[in-house]
Amino acid sequence: MGIRGEVYSTKVQLPNRTYFFNIKENRLGDLYLNVVESKNRDEGGFERQSVVVFAEDLTQFLSGFEEALRVMDKAGREKRHSERDRKKPFKHQHADEEEYSEHHKKSIIVRKKIHNNKSDTH
């Protein structure tokens, strides 16, 4: 066992923050995960946020975490889709309507011809 009950530690370093994933053991021998976010303060020093999850709670914690990730992924896809739609030029947004209108006109002409042919034979 390491310093202060530390069993394992790793970090993910990003440009503006670092995440630490620490497995620790308390005085009673209970294992827990300690996730720490550390980022530089503008006025110097570091700002730290921490979440502690005990081993017996990890399954439920991960279930909630995975659900949150699914919602975040879905929201991100919807946002990208919405932004793509807003970037389309106005005339392209109505291209389907124009195509539908042309198709509709042709189908009316065809129906009239069919109707006229039926009338001529009766």
# chains A, B, ... in the order shown; residues from 1 in each chain; ligands from 1
$ select_by_dssp --residues "range 23-91 of chain A" --states "helix (DSSP H, G or I)" --output "PyMOL selection string"
chain A and resi 55-87+90-91
$ residues_around --residues "range 7-20 of chain A" --least-positions-apart "5" --cutoff "9 Å" --atoms "only C-alpha atoms" --output "PyMOL selection string"
chain A and resi 1-2+25+31+34-40
$ atom_distance --atom1 "CA of Ser50 in chain A" --atom2 "CA of Met72 in chain A"
21.2 Å
$ closest_residue --among "A:Asp30, A:Glu6, A:Glu66, A:Asp85" --to "Phe54 in chain A" --atoms "only C-alpha atoms"
A:Asp30
$ closest_residue --among "A:Ala75, A:Gly5, A:Ile108, A:Glu47" --to "Asn26 in chain A" --atoms "only C-alpha atoms"
A:Gly5
$ atom_distance --atom1 "CA of Asp57 in chain A" --atom2 "CA of Gly76 in chain A"
28.4 Å
$ atom_distance --atom1 "CA of Arg80 in chain A" --atom2 "CA of Ala68 in chain A"
18.3 Å
